[in-house]
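Engineer: Dumping the structure here so I can ask a few things about it.
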Amino acid sequence: MPLLFLNERSYETGCAPALADRAMTELARAVVAVLRTDRDTVLVSAVPIGALQLADGYPIGKWHGNPRNRDLWRRLMLMQARSPHRAVLPAGDDSWDGVEYRHGGETVEGLGVAHLLGGLGVSLAVEARWDTDRLALEREELVEDADGEVRSETGEVTVRHLSGPHHHEAHRRWLLHGVEALRRGGLDAVRRGAELWERREVFFPGLQFLPRVEEDLRQLPAVWVQPVRDRLAELAAAVADWDPAARPIAPQWRSDVRTEFESRRRLCWFPDEERDELFDWHCEFLPKPGRIHFRLLHGERALRIAYVGRKLGV
């Protein structure tokens, strides 16, 4: 299910209406091309698509009122659409309190969420910078170090992007991979948390789950399914290669995994069989503040998961 996020910096500008009109036509053709590849495509925008101002004083109604654009408009209206951008984030998600994406010095929320969720940014090509299949963004994030101090980290990231049908080919293989994975029904095709639970023994050998995790996974918001799936797969791969004699502390992790700060360990106790156990090992998943908490079972060369969800205590 590709998520397309409309770049709010590419509309309601001071460009000529004729330029905005042409750019909207090209964008609509690009979106329809993606829709033909995957009919479950969702278009996400800051405001409802029917309320867009393509340029100052030029509402989208003038564009779709033109007979030559009516078929494209009908196709757009048949696809899934959501707004605002945060509508696809988990309820209560506070990712944007600690991260900001910028392009050309301007905050770009739509493109930022596209990167955060592994989607596609889409723009009206009213400026040359939007006529590309990849965009470099500056990402600034507040992170907490081992001493509990909060600091800012800034780096460059790249997001998939399109503004016209000529960009579709650059993403075609990626889109088809998602469709093919769904057809095969493997781990890559999983789109519901319930599937992760029901097929956990097949997908994640070496991982054990407390019974309480069933509810965590079955209630997992849609935007968390893929990142949780990926983190679980990485944990399973790390455990599969683990030799506790050679690495007595922990496996060689595939992503950032660590133990909880001392001041927060009181939150990490869960009933396990006949007594409470400390599950302070954890990894993160996006959108923040997602966490998976577990403990290592050295004798069994396994790990047992106790919690999947929002960061404990927040």
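Convention: chains lettered A, B, ... in structure tokens order; per-chain residue numbering from 1; ligands numbered from 1 as shown.
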Using only C-alpha atoms, which residues sit within 7 Å of segment 6-15 of chain A once same-chain residues fewer than 5 positions away are excluded, as a ChimeraX atom specification?
Structural biologist: /A:20,44-46,53-56,108,110-111,121-124,126
Engineer: Enumerate as an NGL selection string all residues of segment 15-236 of chain A assigned to strand (DSSP E) by DSSP on the backbone, naming them with the chain letters and numbers the document uses.
Structural biologist: :A and (42-44 or 53-55 or 58-59 or 80-82 or 99-103 or 106-107 or 120-122 or 134-144 or 150-162 or 207-209)
Engineer: As an exercise, work out the distance from atom CA of Arg139 of chain A to atom CA of Glu234 of chain A in Å and give it to one decimal place.
Structural biologist: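 The value is 24.5 Å.
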Engineer: Which residues are near Leu217 of chain A? Cut-off 9 Å, only C-alpha atoms, ignore same chain within fewer than 5 positions. Put them as number ranges by chain.
Structural biologist: A: 192-197, 225, 308-309
Engineer: Go ahead and save the residues from that selection, with N, CA and C atoms, as a compact mmCIF listing (two decimals), in the first residue's frame.
Structural biologist:
```
# COMPACT_ATOMS: atom_id res chain seq x y z
N ARG A 192 -0.94 -6.34 8.48
CA ARG A 192 -1.71 -6.24 9.73
C ARG A 192 -0.88 -6.86 10.85
N GLY A 193 -0.97 -6.22 12.01
CA GLY A 193 -0.25 -6.73 13.16
C GLY A 193 -0.69 -8.13 13.55
N ALA A 194 -1.96 -8.43 13.31
CA ALA A 194 -2.48 -9.76 13.65
C ALA A 194 -1.72 -10.86 12.91
N GLU A 195 -1.30 -10.57 11.67
CA GLU A 195 -0.55 -11.56 10.90
C GLU A 195 0.82 -11.82 11.52
N LEU A 196 1.43 -10.79 12.09
CA LEU A 196 2.71 -10.99 12.75
C LEU A 196 2.57 -11.95 13.92
N TRP A 197 1.48 -11.80 14.66
CA TRP A 197 1.25 -12.69 15.80
C TRP A 197 0.92 -14.10 15.33
N VAL A 225 3.10 -1.37 11.36
CA VAL A 225 3.24 -2.79 11.02
C VAL A 225 4.57 -3.05 10.32
N VAL A 308 5.36 -4.44 22.75
CA VAL A 308 5.50 -3.75 21.47
C VAL A 308 4.51 -2.59 21.47
N GLY A 309 4.99 -1.34 21.38
CA GLY A 309 4.08 -0.21 21.40
C GLY A 309 4.80 1.08 21.65
```
Engineer: Would you mind reading off the distance between atom CA of Asp243 of chain A and atom CA of Arg301 of chain A, one decimal, in Å?
Structural biologist: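 Atom CA of Arg301 of chain A lies 7.6 Å from atom CA of Asp243 of chain A.
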Engineer: Quick one: distance from atom CA of Ala51 of chain A to atom CA of Ala16 of chain A in Å, one decimal?
Structural biologist: 18.7 Å
Engineer: So which residues touch Asp280 of chain A within 9 Å, counting only C-alpha atoms, skipping near sequence neighbours fewer than 4 positions away, as an NGL selection string?
Structural biologist: :A and (258-261 or 264-265 or 267-269 or 293-295)
Engineer: Can you tell me, as a VMD selection string, which residues in segment 44-284 of chain A count as alpha helix (DSSP H) by DSSP?
Structural biologist: chain A and resid 60 to 64 70 to 78 109 to 117 168 to 184 193 to 198 200 to 203 213 to 218 222 to 240
Engineer: Pick from A:Leu43, A:Val159, A:Pro271, A:Ala240: nearest to Ala114 of chain A, with only C-alpha atoms counted?
Structural biologist: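 Residue with the minimum atom-to-atom distance to Ala114 of chain A: A:Val159.
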Engineer: Using only C-alpha atoms, find the one residue out of A:Leu120, A:Val99, A:Ala250, A:Leu35 that sits nearest to Leu76 of chain A.
Structural biologist: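 Smallest distance to Leu76 of chain A is found for A:Leu35.
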Engineer: At a cut-off of 9 Å, using only C-alpha atoms, what residues contact Pro48 of chain A? Leave out same-chain residues fewer than 5 positions from it and give the result as a PyMOL selection string.
Structural biologist: chain A and resi 81-84
Engineer: Those residues with all heavy atoms, as a PDB file, in the first residue's frame please?
Structural biologist:
```
ATOM      1  N   ALA A  81      -7.896   8.620   0.018  1.00  0.00           N
ATOM      2  CA  ALA A  81      -7.257   9.899   0.327  1.00  0.00           C
ATOM      3  C   ALA A  81      -7.454  10.199   1.808  1.00  0.00           C
ATOM      4  O   ALA A  81      -8.511   9.903   2.377  1.00  0.00           O
ATOM      5  CB  ALA A  81      -7.843  11.017  -0.525  1.00  0.00           C
ATOM      6  N   ARG A  82      -6.429  10.793   2.409  1.00  0.00           N
ATOM      7  CA  ARG A  82      -6.512  11.156   3.826  1.00  0.00           C
ATOM      8  C   ARG A  82      -5.860  12.524   4.041  1.00  0.00           C
ATOM      9  O   ARG A  82      -4.992  12.940   3.272  1.00  0.00           O
ATOM     10  CB  ARG A  82      -5.800  10.115   4.695  1.00  0.00           C
ATOM     11  CG  ARG A  82      -6.400   8.713   4.615  1.00  0.00           C
ATOM     12  CD  ARG A  82      -5.677   7.767   5.538  1.00  0.00           C
ATOM     13  NE  ARG A  82      -6.039   6.386   5.286  1.00  0.00           N
ATOM     14  CZ  ARG A  82      -5.465   5.343   5.858  1.00  0.00           C
ATOM     15  NH1 ARG A  82      -4.483   5.531   6.749  1.00  0.00           N
ATOM     16  NH2 ARG A  82      -5.837   4.111   5.577  1.00  0.00           N
ATOM     17  N   SER A  83      -6.297  13.180   5.072  1.00  0.00           N
ATOM     18  CA  SER A  83      -5.688  14.444   5.482  1.00  0.00           C
ATOM     19  C   SER A  83      -6.009  14.640   6.966  1.00  0.00           C
ATOM     20  O   SER A  83      -6.987  14.081   7.473  1.00  0.00           O
ATOM     21  CB  SER A  83      -6.241  15.611   4.644  1.00  0.00           C
ATOM     22  OG  SER A  83      -7.632  15.764   4.868  1.00  0.00           O
ATOM     23  N   PRO A  84      -5.174  15.390   7.686  1.00  0.00           N
ATOM     24  CA  PRO A  84      -3.884  15.957   7.273  1.00  0.00           C
ATOM     25  C   PRO A  84      -2.810  14.890   7.195  1.00  0.00           C
ATOM     26  O   PRO A  84      -3.118  13.700   7.324  1.00  0.00           O
ATOM     27  CB  PRO A  84      -3.613  16.969   8.382  1.00  0.00           C
ATOM     28  CG  PRO A  84      -4.244  16.354   9.596  1.00  0.00           C
ATOM     29  CD  PRO A  84      -5.502  15.675   9.091  1.00  0.00           C
TER      30      PRO A  84
END
```
Engineer: Can you list, as a PDB file with C-alpha atoms, in the first residue's frame, every protein, DNA or RNA residue that comes within 9 Å of Arg310 of chain A when you count only C-alpha atoms, leaving out same-chain residues fewer than 5 positions away?
Structural biologist:
```pdb
ATOM      1  CA  ASP A  93       2.044  10.014  18.073  1.00  0.00           C
ATOM      2  CA  LYS A 288       8.480   7.555  17.225  1.00  0.00           C
ATOM      3  CA  PRO A 289       8.040   6.739  20.034  1.00  0.00           C
ATOM      4  CA  GLY A 290       7.803   3.031  19.153  1.00  0.00           C
ATOM      5  CA  ARG A 291       9.598   0.461  21.313  1.00  0.00           C
ATOM      6  CA  ILE A 292      10.068  -3.314  21.451  1.00  0.00           C
TER       7      ILE A 292
END
```
Engineer: Which residues are near Thr158 of chain A? Cut-off 7 Å, only C-alpha atoms, ignore same chain within fewer than 4 positions. Put them as an MDAnalysis selection string.
Structural biologist: chainID A and resid 134:137
Engineer: Write to file, as a PDB file, in the first residue's frame, the residues of the selection just made, with N, CA, C and O atoms.
Structural biologist:
```pdb
ATOM      1  N   ARG A 134      14.101  11.908  -6.752  1.00  0.00           N
ATOM      2  CA  ARG A 134      14.661  11.823  -5.401  1.00  0.00           C
ATOM      3  C   ARG A 134      14.864  13.237  -4.884  1.00  0.00           C
ATOM      4  O   ARG A 134      15.215  14.134  -5.640  1.00  0.00           O
ATOM      5  N   LEU A 135      14.656  13.425  -3.598  1.00  0.00           N
ATOM      6  CA  LEU A 135      14.881  14.727  -2.987  1.00  0.00           C
ATOM      7  C   LEU A 135      15.745  14.554  -1.740  1.00  0.00           C
ATOM      8  O   LEU A 135      15.502  13.654  -0.927  1.00  0.00           O
ATOM      9  N   ALA A 136      16.729  15.411  -1.592  1.00  0.00           N
ATOM     10  CA  ALA A 136      17.542  15.439  -0.373  1.00  0.00           C
ATOM     11  C   ALA A 136      16.886  16.375   0.625  1.00  0.00           C
ATOM     12  O   ALA A 136      16.523  17.505   0.286  1.00  0.00           O
ATOM     13  N   LEU A 137      16.709  15.895   1.850  1.00  0.00           N
ATOM     14  CA  LEU A 137      16.117  16.685   2.924  1.00  0.00           C
ATOM     15  C   LEU A 137      17.105  16.798   4.069  1.00  0.00           C
ATOM     16  O   LEU A 137      17.916  15.896   4.306  1.00  0.00           O
TER      17      LEU A 137
END
```
